[in-house]
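J.: Have a look at the structure that comes next, please.
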Amino acid sequence: MKQTAFTAGKKWKIIGLLAVVAAIMVVFIRPFGAAEHPPVAFYYWKQAFALDQAQQSLLTSCETEELFVKFFDVTHDPSTGAAKPVSVITFDEQPALQIIPCVYIQNDVFKHPQPELAQKIYKLVQRTAVKNKLSISELQIDCDWSGTTRAAYFGFLRTLQQLDQKLKITCTIRLHQVKYQAETGVPPVKKGVLMCYNMDDLDAFDVENSILSVATLKKYISPTTDYPVELDLALPIYQWALVFRLGKLTLIANDISEKALHSSDYAEVKPNLFKARKNGYLNSSYICKGDLIRLETSSPETLSSIAEWLQESDMTFNRLILFHISQEHISHYNENSIQKIRRLIP
Amino acid sequence: MKTVFKKSVALFLSLCIAVESIACGGGGYYMEYDMLFDRNILFQGGEKTTSYNAWIYNSDLYTEDSPRIQNTESWAAYLENVYRKEDLERVIYRSTDAGFDKAKEYKRLRSKRMKDTDIAKKETAFMDFIQYALKVEKVISENTYDPWEEAKELDPADFNEHITEGRSRLKTVRDEFMKERYAYQLIKLYRYSNQLEEAEKVYKEYFSNSTSLLGYWAMEHYAGILMKQEQPFRANYYFIKVYANCPSKRESSYLSMQLDSEEDFKKTLALCSETEEKMALYYVRAMETKALGLEGMQAITKALGNHEYARIIMAHEINKLEKGALTDDPAESEADEKMLAAQLSSYRKELIAFNEGMLAKDDEDQFWHLSLAYLYYLNDQNTQCSALLEKINPKTPGLQKQHTIIFIVNYLATRKTLTEPDENIIGEKLYALNDNRASYPFLNNEKEEVYYDYEEYNTINEFIFGQIYQRSKTKNAFMELIFSGRTISSILSEDPYYDKEKSSKQSGVAYLDEVLNDLHKTPETTLSLYAANHFFNSYGYGRNSSLDFDQCEQQLKEFKATLLMRDPEHLQEAVTIFSELPQNLRGESIYGDPFTFSLENPNFERYDEERYSMNSMSKYELAKKLNELNKNKSTAMDYYKLGLAYYNTSYYGLQWKAMAYYRSYYTPNGFYSMKTAESFFKKALAFGKLTDEQEAKIHFMLARCEQNDYTQENGEITSYFDSNSEYTFHTYMNGMRSAGVFSNFEILYKNYRNTAFYKELIDECYYFSYYVN
C-alpha cells in the first residue's frame with residue numbers, strides 16, 4: 001500500500017510538472033509559432049537585376065527582407081576543360097533588400113580537376129557584391145551533384161567555407177537527395193534549401209505537371225522523413241510551356257501565358273495541352289505546326305497542398321523561398337495566397 | 001523515379017543556365033539523335049556526330065576552308081607562290097608572346113624560297129605586316145578579359161599608338177592586297193577599343209564592295225558592330241552574306257546571328273537580294289537544332305533545286321524522326337500515345353511526299369533514294385523500302401554502307417523470329433559492313449561523354465543488336481550479353497559509383513557462371529559468332545581476331561579467374577581455372593614484383609614506359625604465388641607480403657592490371673577496396689616477432705590504406721585542389737585529421753621515431769612530414 005501511495009504521489013508530481021511545462025509551451029511557444037511562420041524570400045533568376053512595379057509590390061506585401069539572386073552560372077568549357085563563369089549578373093538598380101548571392105554550378109564541372117575553383121567563385125561573388133555596394137552574409141551554391149562528383153563537390157563546399165568563416169555557405173538539396181541521402185551523401189554545409197519543384201519527368205508526355213505534384217512529393221517525403229541539415233524550403237511560382245515535337249520534348253518556352261496559347265494559332269486538345277496550327281514564334285521559341293504544347297503552372301492551390309503534406313513530416317523550415325520573382329506571371333500570387341502557403345509551412 | 005527526377009532537374013537547370021551552343025532560336029540543350037541514317041557516311045567529310053548541330057556539322061564539312069588555311073593561301077598567292085604554304089604558315093601563325101626579329105625571320109624565310117622570282121618588295125611588305133599584325137594581336141589579347149577576373153577599363157591609348165601606325169602604313173602601301181590587310185587590322189583595333197563609328201568608316205572606305213577573302217572577314221566585323229549598335233536585321237544580313245560566301249567564317253557568322261523571332265527572320269530575309277543569301281537564311285533556320293526543316297527544305301529546292309543544303313536538312317530531319325521512332329519510351333495513356341504517334345506519322349508522311357517529289361524531278365541522286373527508302377522503313381512501308389533498295393546500286397562505299405544498314409533494319413522489321421538462314425544473311429551483311437571484321441569502326445566513338453549524368457539515346461549497335469535479340473529463338477544470359485550492343489571493355493570500364501548494383505551484377509562471379517552456362521546452350525551461327533566477336537574483340541589486349549565459342553568461353557573464364565583472385569579465399573579456384581586455360585589466355589603480363597614495398601608513390605606513366613625492363617609474370621603465375629603464400633603463411637612477414645601484394649594489385653598499386661582491366665584516372669575503379677590488404681597488414685602486426693623497422697613500414701602501409709579509404713569518400717586531393725596552394729592543402733589535411741585518418745601516422749610518430757625508416761619517411765613522404773610538422 002505504502003508503495004502504491006508513494007507511486008500515486010509521484011504520479012501527481014509528474015502530472016503537475018507536465019502541466020507547468022505545457023502551460024509554458026502554450027504561453028510562449030505556441031503563440032510564437034503561430035505568429036512567426038517562416039519569412040518569405042524570393043529567388044531572382046535573370047541576368048539583369050531590375051524590379052518592376054508588380055515585383056516590388058509583391059515583395060512589400062510579403063514583407064520580404066531577403067532576395068536570393070543568381071550572380072552567375074559556372075559551366076564546364078569542353079574546349080579547355082576548365083570551369084568558366086557565364087551570365088554574370090548586372091544590377092540595373094540598387095536593391096533595397098538583403099541580397100543573397102546564388103551560384104549555379106553545372107555538375108559536369110566537378111568531373112574535371114578544377115584548381116582553385118572555390119577561390120575563383122568566392123572572388124567573383126565578392127567582386128560583384130562590392131561593385132554593386134551589396135553586403136553579403138550568405139552564399140548559396142546550386143549543384144545537382146551525382147555519385148561521381150559528390151566527393152569533389154563536397155570538398156569544394158568545405159574549401160569555400162574555409163575561405164571565409166563569416167560567410168554562411170548554403171546549398172540546394174533536391175528531393176531525391178533527401179530520400180536517398182545514404183547514397184547521395186549529405187553536403188557539408190550548416191544549412192540547405194530543399195527544392196520542392198521539378199518533381200516529375202519533363203520528358204514524359206503523360207505527366208500532367210512536372211513542376212509540382214503532391215502525389216510525387218509523397219513518394220519522396222513521408223511523415224518520418226528527416227534531414228540532418230537545417231533547411232529552408234523553396235517552392236515554385238513559375239510557369240512554362242513544354243513543347244513536344246516528333247514525340248519528344250524539344251524545348252521549354254519560359255514565361256508563357258495561357259492567353260498566348262488561346263489564340264487562333266493553337267487548338268486546345270485537352271486542359272493545358274495545345275496543338276500548334278502553324279509555324280511561328282511563341283515568345284522567342286520557334287514553334288512548328290503539329291507541336292504539342294503543355295502549359296505547366298505552379299498554382300497557389302497546389303502549393304497549399306504541398307505545404308500541407310510537408311506539415312505531416314518531421315521536417316521544419318526556417319525560410320520559405322519562392323522560385324522565382326523574375327517571371328512575368330507572378331500576378332497569380334498575391335499577399336493572401338502567399339501568406340496562406342506561408343502559414344502552412346512547418 | 002530517382003533517374004526521372006534527376007533527368008528533369010538536369011534539363012531544367014540546363015535551361016536556367018545561359019546556353020551558348022545555339023545561336024538561333026530560343027536557346028536549348030544538346031539534343032542527341034539516333035543515327036541509323038548516318039550523315040557521316042552519307043556526306044564524306046561530315047565527321048563528328050555526337051553533339052549534332054548545324055555549325056559543328058558545317059564546320060566539319062568545310063574544314064579545308066579553315067581561316068588559317070585560306071589566309072595562308074592568299075599570302076602564298078600574293079607572294080607569287082615562291083614559298084610553300086607550310087613555310088608561310090609558320091611565319092604567320094605563332095604565339096604573340098614569342099619575340100619577332102624581323103631580320104632573322106626574313107633571312108629564315110628567304111632560305112625556304114622555291115623559285116628565284118624577284119619579289120623582294122612584297123617580301124618586305126609581308127614581313128612588315130606580320131610584325132604589325134602581331135602587335136595588334138597582342139594589344140587585343142591583353143585587353144580581352146579573363147571571365148573570372150574583373151573586366152578592365154579599356155584604355156584607348158593602348159590602341160591608339162597602333163591605330164596611328166596602321167593609318168600611316170595604309171597611306172604608304174600601294175597595292176590593294178596590302179591595303180586591305182592594314183584596313184582589316186584597323187577595323188579590329190577600332191572595334192575592340194569601342195570606337196565603332198571609326199571602324200564603320202574604315203569598312204565602308206576599303207571594303208564596301210569587296211568580295212575578297214579579307215572583304216568577308218571585314219564584313220563579319222562590320223556585322224558585329226551593327227549588332228552592337230542594336231541593328232540586328234542589318235547585322236543578320238551581313239552575317240548571312242558571310243555565311244553564304246565565306247566558308248572560313250561560316251561557323252562564327254552562324255553563331256553570331258540573332259534569329260529569335262518571326263520579325264528577325266522576315267526583316268533579315270527582306271534585306272537579302274541574292275537567292276543564295278536567302279536560301280542560306282532558310283537553311284540556317286531549318287538547321288536550328290530543334291526546328292522542323294521541311295519548310296526551309298521546300299523553299300531551298302524551289303529556288304535552287306537539288307542543293308546540298310536540302311540534302312543536309314533531310315538527313316537532319318530523318319535523324320530527328322529516328323529519335324522519336326526508334327526510342328521505346330511510350331506514354332502511359334493510350335490517348336497520349338496515339339497523339340504522339342500521330343505527330344510523328346504526320347511529319348513522316350510530309351517528308352515522304354517531299355522526297356518522292358525530289359525523286360520525280362531527279363532520279364539520279366542516290367542520296368534521295370536512300371533517304372526515301374529509310375523513310376519508308378520508318379513508316380512501316382517495308383515492301384516499298386525493299387523495292388527501292390533493290391533499284392539502286394550504290395556508287396560509293398559510304399552509300400553502300402548506308403544501303404546495307406537500311407537493308408538490315410528493314411529485313412528485321414519484316415520478321416518476327418529469325419530462322420538460321422535469316423541469321424546467316426544478317427551475319428554476312430554485318431561482316432560485309434566492316435571488311436569482314438566483327439566491329440563497327442564507323443560506329444565507334446559516337447557515344448562521347450554525355451553532357452549530363454544520364455543516358456538518353458540508343459547507339460546504333462544497341463538498336464540493331466536489340467532488334468536481333470528480340471527476334472532470336474535463343475534467349476539466355478550469354479545471348480543477352482553479346483547482343484547488348486556493348487563490349488566487354490565498356491562493361492569493365494564502368495564507373496563503380498555510377499550504378500553499383502548494375503556494375504556488381506555484371507561483374508560478379510555468379511553472373512559469369514550464368515553466362516558461361518548459357519554459352520554452352522547457344523547455337524553457333526554467323527550472327528551469334530559475329531556478336532560474340534564484337535563483344536570480346538574490343539577487349540584490347542591482343543586477343544585473337546576471330547573467336548569461336550570455345551575461345552569466348554576461355555575469355556569468360558579468364559575474367560572469372562581474375563575476379564576470384566581478388567578474394568584470398570578463392571585463390572585455389574582461380575589457379576585451377578588459369579591452369580586449364582591455354583598459355584596465351586593465362587592473363588595479362590604483370591610487370592615488377594607486387595610482393596615488395598616501395599616508399600615512393602606509384603608513378604603510373606613512368607611505370608608504363610619502363611615496365612618492359614622489369615621481370616614479369618602472368619596472372620596465373622601470380623595467382624599461384626599468392627595461393628602458395630596464403631596456404632602456407634606462417635610468419636608475420638608472410639602476412640605482410642600478402643598485404644603488399646593485395647595493395648600493389650589494387651587500384652592504388654602499379655600492378656593494378658593483375659586484378660582489373662581498366663584504370664580510371666579520375667575515380668577509383670576496378671579492385672579498389674583496401675579491406676584485404678588492411679586485414680593482412682593487421683594480422684602481420686598481430687602475429688608479432690617483427691623488427692621496429694618492419695613494424696614501421698607496416699604502419700605506413702596501413703596509413704596508406706586508411707587514406708585511400710578516405711579519398712574514396714572525399715575525393716583525391718589533386719582532383720579539386722591546387723596542390724601548390726598551402727591553404728587548400730591544409731584544409732584537406734585537417735579534414736583527414738578530423739576524420740581520424742591519421743591514426744597510423746600518429747603511431748609512427750609516437751613509437752617509431754628512432755627507426756631509420758621514420759627518417760626516410762620524413763624525407764620522402766610530404767604528407768607525413770606535413771603531419772609531423
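Ordering of the C-alpha cells sets the chain letters (A, B, ...), residue numbers begin anew at 1 in every chain, and ligands are numbered from 1 in the order given.
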Give me the residues near region 266-272 of chain A as a list of chain:residue names, where near means some atom within 8 Å (using only C-alpha atoms) and where sequence neighbours in that chain fewer than 5 positions away do not count.
T.: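 Contacts, with the query itself left out: A:Leu261, A:Arg277, A:Lys278, A:Arg294, A:Leu295, A:Glu296.
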J.: Any chance you can output those residues with N, CA and C atoms as a PDB file, in the first residue's frame?
T.:
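Just written: selection_4.pdb:
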ATOM      1  N   LEU A 261      -1.553  31.144 -75.658  1.00  0.00           N
ATOM      2  CA  LEU A 261      -1.906  29.876 -76.302  1.00  0.00           C
ATOM      3  C   LEU A 261      -3.381  29.826 -76.708  1.00  0.00           C
ATOM      4  N   ARG A 277      -1.128  25.159 -84.818  1.00  0.00           N
ATOM      5  CA  ARG A 277      -1.762  25.028 -86.137  1.00  0.00           C
ATOM      6  C   ARG A 277      -0.822  25.467 -87.255  1.00  0.00           C
ATOM      7  N   LYS A 278       0.183  26.242 -86.926  1.00  0.00           N
ATOM      8  CA  LYS A 278       1.124  26.687 -87.965  1.00  0.00           C
ATOM      9  C   LYS A 278       2.499  27.001 -87.362  1.00  0.00           C
ATOM     10  N   ARG A 294       2.469  21.683 -73.689  1.00  0.00           N
ATOM     11  CA  ARG A 294       1.846  21.505 -72.364  1.00  0.00           C
ATOM     12  C   ARG A 294       2.197  22.702 -71.481  1.00  0.00           C
ATOM     13  N   LEU A 295       1.158  23.388 -71.068  1.00  0.00           N
ATOM     14  CA  LEU A 295       1.372  24.546 -70.195  1.00  0.00           C
ATOM     15  C   LEU A 295       1.401  24.054 -68.754  1.00  0.00           C
ATOM     16  N   GLU A 296       2.464  24.390 -68.061  1.00  0.00           N
ATOM     17  CA  GLU A 296       2.578  23.967 -66.664  1.00  0.00           C
ATOM     18  C   GLU A 296       2.693  25.193 -65.761  1.00  0.00           C
TER      19      GLU A 296
END
J.: Quick one: pick out all alpha helix (DSSP H) residues within region 562-696 of chain B from a backbone DSSP run and write them as a ChimeraX atom specification.
T.: /B:562-565,571-580,604-610,619-631,636-648,675-687,692-696
J.: Would you output that residue set with C-alpha atoms, as an mmCIF file, in the first residue's frame?
T.:
data_model
loop_
_atom_site.group_PDB
_atom_site.id
_atom_site.type_symbol
_atom_site.label_atom_id
_atom_site.label_comp_id
_atom_site.auth_asym_id
_atom_site.auth_seq_id
_atom_site.Cartn_x
_atom_site.Cartn_y
_atom_site.Cartn_z
ATOM 1 C CA THR B 562 40.651 -12.623 -62.244
ATOM 2 C CA LEU B 563 37.640 -11.808 -60.113
ATOM 3 C CA LEU B 564 38.247 -14.855 -57.925
ATOM 4 C CA MET B 565 41.842 -13.846 -57.413
ATOM 5 C CA LEU B 571 42.722 -18.253 -54.885
ATOM 6 C CA GLN B 572 42.771 -22.012 -55.382
ATOM 7 C CA GLU B 573 39.756 -21.779 -57.707
ATOM 8 C CA ALA B 574 41.447 -19.024 -59.672
ATOM 9 C CA VAL B 575 44.615 -21.112 -60.018
ATOM 10 C CA THR B 576 42.627 -24.109 -61.242
ATOM 11 C CA ILE B 577 40.815 -22.049 -63.874
ATOM 12 C CA PHE B 578 44.009 -20.387 -65.091
ATOM 13 C CA SER B 579 45.753 -23.755 -65.293
ATOM 14 C CA GLU B 580 43.074 -25.054 -67.637
ATOM 15 C CA PHE B 604 51.851 5.051 -63.491
ATOM 16 C CA GLU B 605 53.160 6.871 -66.530
ATOM 17 C CA ARG B 606 56.772 6.094 -65.759
ATOM 18 C CA TYR B 607 55.855 2.520 -64.924
ATOM 19 C CA ASP B 608 54.177 2.152 -68.323
ATOM 20 C CA GLU B 609 57.312 3.394 -70.025
ATOM 21 C CA GLU B 610 59.760 1.316 -68.006
ATOM 22 C CA LYS B 619 48.222 -13.669 -63.818
ATOM 23 C CA TYR B 620 48.345 -17.447 -63.487
ATOM 24 C CA GLU B 621 51.814 -17.328 -62.015
ATOM 25 C CA LEU B 622 50.789 -14.538 -59.694
ATOM 26 C CA ALA B 623 47.687 -16.456 -58.600
ATOM 27 C CA LYS B 624 49.868 -19.482 -57.848
ATOM 28 C CA LYS B 625 52.309 -17.402 -55.810
ATOM 29 C CA LEU B 626 49.530 -15.739 -53.879
ATOM 30 C CA ASN B 627 47.859 -19.075 -53.279
ATOM 31 C CA GLU B 628 51.024 -20.762 -52.071
ATOM 32 C CA LEU B 629 51.839 -17.919 -49.752
ATOM 33 C CA ASN B 630 48.289 -17.759 -48.457
ATOM 34 C CA LYS B 631 48.097 -21.504 -47.821
ATOM 35 C CA ALA B 636 54.335 -12.155 -39.858
ATOM 36 C CA MET B 637 56.370 -11.483 -42.992
ATOM 37 C CA ASP B 638 54.133 -13.836 -44.975
ATOM 38 C CA TYR B 639 51.111 -11.772 -43.935
ATOM 39 C CA TYR B 640 52.985 -8.596 -44.712
ATOM 40 C CA LYS B 641 53.893 -9.825 -48.205
ATOM 41 C CA LEU B 642 50.291 -10.821 -48.870
ATOM 42 C CA GLY B 643 49.200 -7.379 -47.726
ATOM 43 C CA LEU B 644 51.724 -5.776 -50.060
ATOM 44 C CA ALA B 645 50.598 -7.921 -52.986
ATOM 45 C CA TYR B 646 46.922 -7.083 -52.426
ATOM 46 C CA TYR B 647 47.795 -3.409 -52.070
ATOM 47 C CA ASN B 648 50.037 -3.292 -55.156
ATOM 48 C CA LYS B 675 39.969 -4.319 -46.892
ATOM 49 C CA THR B 676 42.035 -7.328 -47.947
ATOM 50 C CA ALA B 677 45.373 -5.537 -47.799
ATOM 51 C CA GLU B 678 44.478 -3.919 -44.481
ATOM 52 C CA SER B 679 43.463 -7.235 -42.988
ATOM 53 C CA PHE B 680 46.783 -8.856 -43.912
ATOM 54 C CA PHE B 681 48.785 -5.915 -42.556
ATOM 55 C CA LYS B 682 46.906 -6.023 -39.253
ATOM 56 C CA LYS B 683 47.431 -9.771 -38.980
ATOM 57 C CA ALA B 684 51.140 -9.284 -39.635
ATOM 58 C CA LEU B 685 51.319 -6.830 -36.724
ATOM 59 C CA ALA B 686 49.250 -9.107 -34.518
ATOM 60 C CA PHE B 687 51.496 -12.043 -35.309
ATOM 61 C CA ASP B 692 60.762 -1.995 -35.353
ATOM 62 C CA GLU B 693 61.769 -1.182 -38.900
ATOM 63 C CA GLN B 694 59.357 -3.761 -40.279
ATOM 64 C CA GLU B 695 56.540 -2.653 -37.991
ATOM 65 C CA ALA B 696 57.067 0.960 -39.015
#
J.: May I have the residues within 9 Å of region 172-182 of chain B as a PyMOL selection string, using only C-alpha atoms and disregarding those fewer than 2 positions away in the same chain?
T.: chain B and resi 78+125-126+129+132-133+166-170+184-187+206-207+214-215
J.: Quick one: write out the picked residues with C-alpha atoms as a short mmCIF file (atom, residue, chain, number, x, y, z; two decimals), in the first residue's frame?
T.:
data_model
loop_
_atom_site.label_atom_id
_atom_site.label_comp_id
_atom_site.auth_asym_id
_atom_site.auth_seq_id
_atom_site.Cartn_x
_atom_site.Cartn_y
_atom_site.Cartn_z
CA TYR B 78 50.41 37.31 -103.11
CA ALA B 125 55.79 44.21 -97.15
CA PHE B 126 54.84 40.77 -95.84
CA PHE B 129 52.77 43.46 -91.97
CA TYR B 132 52.50 44.91 -87.17
CA ALA B 133 49.72 42.30 -87.00
CA GLY B 166 48.24 51.36 -89.10
CA ARG B 167 46.90 54.57 -90.64
CA SER B 168 50.37 55.62 -91.63
CA ARG B 169 51.17 52.26 -93.20
CA LEU B 170 47.85 52.26 -95.01
CA TYR B 184 41.33 44.97 -91.65
CA GLN B 185 43.72 45.41 -88.72
CA LEU B 186 42.41 48.95 -88.25
CA ILE B 187 38.81 47.72 -88.11
CA TYR B 206 38.00 49.95 -98.05
CA PHE B 207 35.61 47.03 -98.20
CA LEU B 214 39.55 39.87 -96.35
CA GLY B 215 36.44 41.64 -97.60
#
J.: For chain B, which residue out of A:Asn107, A:Gln239, A:Ser57, A:Ser285 is the nearest one, using only C-alpha atoms?
T.: A:Ser285
J.: Return the neighbours of chain B among the residues of chain A, cut-off 7 Å, counting only C-alpha atoms, as a PyMOL selection string.
T.: chain A and resi 73+84-87+108+113-116+120+124+147-148+151-152+155+159+176+198-202+204-206+246-248+250-251+280-281+284-286+288+290
J.: Under the rule that only C-alpha atoms are counted, which of A:Val125, A:Leu175, A:Leu231, A:Val130 is the nearest residue to Lys191 (chain A)?
T.: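 Looking only at the distances to Lys191 (chain A), the closest residue turns out to be A:Leu231.
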J.: With distances taken over only C-alpha atoms, which of A:Leu157, A:Thr170, A:Thr297, A:Ala253 is nearest to Ser210 (chain A)?
T.: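 Checking each candidate against Ser210 (chain A), we get A:Thr297 as the closest.
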J.: Quick one: everything within 12 Å of Trp217 (chain B), counting only C-alpha atoms, minus sequence neighbours fewer than 3 positions away in the same chain. Send it as number ranges by chain.
T.: B: 67, 70-71, 180-181, 183-185, 187-188, 203, 207-208, 210-214, 220-224, 238-239, 241-243, 245-250, 252-253
J.: Of the residues A:Asp291, A:Asp265, A:Glu335, A:Asp164, which is the one nearest to Gln119 (chain A), using only C-alpha atoms?
T.: A:Asp164
J.: Closest to Met479 (chain B) among B:Tyr612, B:Phe549, B:Phe407, B:Tyr216, using only C-alpha atoms?
T.: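 Under the stated criterion, the closest residue is B:Phe549.
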J.: Of the candidates A:Ser257, A:Ser135, A:Thr225, A:Ser263, which one gets nearest to Gln177 (chain A) if we count only C-alpha atoms?
T.: A:Thr225
J.: Find the spatial neighbours of region 356-364 of chain B, counting only C-alpha atoms, within a cut-off of 12 Å - ignore same-chain residues fewer than 3 positions away - and output them as a PyMOL selection string.
T.: chain B and resi 297-298+300-302+305-307+310-311+314+349-353+367-373+375-376+384+388+391-395
J.: Those same residues, written as an mmCIF file, in the first residue's frame with N, CA and C atoms?
T.:
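Saved as part14.cif:
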data_model
loop_
_atom_site.group_PDB
_atom_site.id
_atom_site.type_symbol
_atom_site.label_atom_id
_atom_site.label_comp_id
_atom_site.auth_asym_id
_atom_site.auth_seq_id
_atom_site.Cartn_x
_atom_site.Cartn_y
_atom_site.Cartn_z
ATOM 1 N N MET B 297 13.435 23.394 -96.400
ATOM 2 C CA MET B 297 13.851 22.495 -97.487
ATOM 3 C C MET B 297 13.024 22.772 -98.751
ATOM 4 N N GLN B 298 11.726 23.015 -98.553
ATOM 5 C CA GLN B 298 10.852 23.315 -99.704
ATOM 6 C C GLN B 298 11.276 24.622 -100.365
ATOM 7 N N ILE B 300 14.181 26.044 -100.307
ATOM 8 C CA ILE B 300 15.511 25.909 -100.918
ATOM 9 C C ILE B 300 15.422 25.163 -102.241
ATOM 10 N N THR B 301 14.701 24.053 -102.262
ATOM 11 C CA THR B 301 14.654 23.275 -103.514
ATOM 12 C C THR B 301 13.865 24.012 -104.594
ATOM 13 N N LYS B 302 12.903 24.810 -104.171
ATOM 14 C CA LYS B 302 12.148 25.601 -105.148
ATOM 15 C C LYS B 302 13.077 26.602 -105.836
ATOM 16 N N GLY B 305 16.842 24.006 -106.519
ATOM 17 C CA GLY B 305 16.820 22.602 -106.971
ATOM 18 C C GLY B 305 17.472 21.684 -105.948
ATOM 19 N N ASN B 306 18.113 20.630 -106.479
ATOM 20 C CA ASN B 306 18.717 19.628 -105.588
ATOM 21 C C ASN B 306 20.028 20.177 -105.010
ATOM 22 N N HIS B 307 19.891 21.041 -104.052
ATOM 23 C CA HIS B 307 21.067 21.715 -103.470
ATOM 24 C C HIS B 307 21.527 20.938 -102.239
ATOM 25 N N ALA B 310 19.582 21.224 -99.027
ATOM 26 C CA ALA B 310 18.364 20.407 -98.871
ATOM 27 C C ALA B 310 18.716 18.991 -98.427
ATOM 28 N N ARG B 311 19.779 18.435 -98.961
ATOM 29 C CA ARG B 311 20.161 17.066 -98.580
ATOM 30 C C ARG B 311 20.582 17.025 -97.100
ATOM 31 N N MET B 314 17.518 17.239 -94.992
ATOM 32 C CA MET B 314 16.766 15.977 -94.971
ATOM 33 C C MET B 314 17.414 14.971 -94.010
ATOM 34 N N LYS B 349 5.017 11.438 -93.163
ATOM 35 C CA LYS B 349 4.318 11.417 -94.467
ATOM 36 C C LYS B 349 4.633 12.659 -95.284
ATOM 37 N N GLU B 350 4.723 13.781 -94.606
ATOM 38 C CA GLU B 350 5.067 15.015 -95.332
ATOM 39 C C GLU B 350 6.473 14.907 -95.935
ATOM 40 N N LEU B 351 7.384 14.323 -95.165
ATOM 41 C CA LEU B 351 8.749 14.158 -95.684
ATOM 42 C C LEU B 351 8.776 13.173 -96.851
ATOM 43 N N ILE B 352 7.977 12.099 -96.730
ATOM 44 C CA ILE B 352 7.932 11.116 -97.826
ATOM 45 C C ILE B 352 7.419 11.789 -99.101
ATOM 46 N N ALA B 353 6.343 12.562 -98.972
ATOM 47 C CA ALA B 353 5.777 13.236 -100.145
ATOM 48 C C ALA B 353 6.818 14.173 -100.769
ATOM 49 N N PHE B 367 21.353 9.757 -102.923
ATOM 50 C CA PHE B 367 21.001 10.206 -101.571
ATOM 51 C C PHE B 367 19.491 10.172 -101.384
ATOM 52 N N TRP B 368 18.769 10.718 -102.366
ATOM 53 C CA TRP B 368 17.312 10.811 -102.220
ATOM 54 C C TRP B 368 16.662 9.425 -102.278
ATOM 55 N N HIS B 369 17.324 8.472 -102.932
ATOM 56 C CA HIS B 369 16.804 7.093 -102.916
ATOM 57 C C HIS B 369 16.934 6.511 -101.505
ATOM 58 N N LEU B 370 18.109 6.707 -100.951
ATOM 59 C CA LEU B 370 18.339 6.128 -99.623
ATOM 60 C C LEU B 370 17.471 6.811 -98.563
ATOM 61 N N SER B 371 17.347 8.125 -98.661
ATOM 62 C CA SER B 371 16.520 8.815 -97.659
ATOM 63 C C SER B 371 15.070 8.341 -97.771
ATOM 64 N N LEU B 372 14.601 8.173 -98.992
ATOM 65 C CA LEU B 372 13.216 7.716 -99.154
ATOM 66 C C LEU B 372 13.061 6.270 -98.659
ATOM 67 N N ALA B 373 14.041 5.423 -99.006
ATOM 68 C CA ALA B 373 13.969 4.022 -98.549
ATOM 69 C C ALA B 373 13.885 3.990 -97.028
ATOM 70 N N LEU B 375 12.886 6.412 -95.021
ATOM 71 C CA LEU B 375 11.595 6.961 -94.566
ATOM 72 C C LEU B 375 10.493 5.910 -94.709
ATOM 73 N N TYR B 376 10.549 5.146 -95.796
ATOM 74 C CA TYR B 376 9.559 4.059 -95.968
ATOM 75 C C TYR B 376 9.683 3.064 -94.813
ATOM 76 N N GLN B 384 7.956 -1.274 -100.026
ATOM 77 C CA GLN B 384 8.466 -0.151 -100.826
ATOM 78 C C GLN B 384 9.943 0.094 -100.523
ATOM 79 N N LEU B 388 12.895 -0.150 -103.366
ATOM 80 C CA LEU B 388 13.756 0.996 -103.664
ATOM 81 C C LEU B 388 15.233 0.624 -103.478
ATOM 82 N N LYS B 391 16.527 -1.245 -106.346
ATOM 83 C CA LYS B 391 16.637 -0.450 -107.569
ATOM 84 C C LYS B 391 18.002 0.214 -107.723
ATOM 85 N N ILE B 392 18.645 0.478 -106.606
ATOM 86 C CA ILE B 392 19.912 1.219 -106.739
ATOM 87 C C ILE B 392 21.135 0.365 -106.433
ATOM 88 N N ASN B 393 22.190 0.730 -107.136
ATOM 89 C CA ASN B 393 23.470 0.073 -106.925
ATOM 90 C C ASN B 393 24.423 1.154 -106.397
ATOM 91 N N PRO B 394 24.618 1.207 -105.100
ATOM 92 C CA PRO B 394 25.350 2.356 -104.523
ATOM 93 C C PRO B 394 26.717 2.609 -105.173
ATOM 94 N N LYS B 395 26.967 3.900 -105.388
ATOM 95 C CA LYS B 395 28.172 4.267 -106.147
ATOM 96 C C LYS B 395 29.410 4.402 -105.275
#
J.: Can you measure CA of Ala118 (chain A) to CA of Ala83 (chain A) for me? One decimal in Å is fine.
T.: 10.9 Å
J.: Just asking: which residues within region 119-199 of chain A are strand (DSSP E or B) according to DSSP, as JSON, numbers by chain?
T.: {"A": [138, 139, 140, 141, 142, 168, 169, 170, 171, 172, 173, 174, 191, 192, 193, 194, 195]}
J.: Go ahead and compute the interatomic distance for CA of Ala48 (chain A) and CA of Ile100 (chain A), in Å to one decimal.
T.: 15.5 Å
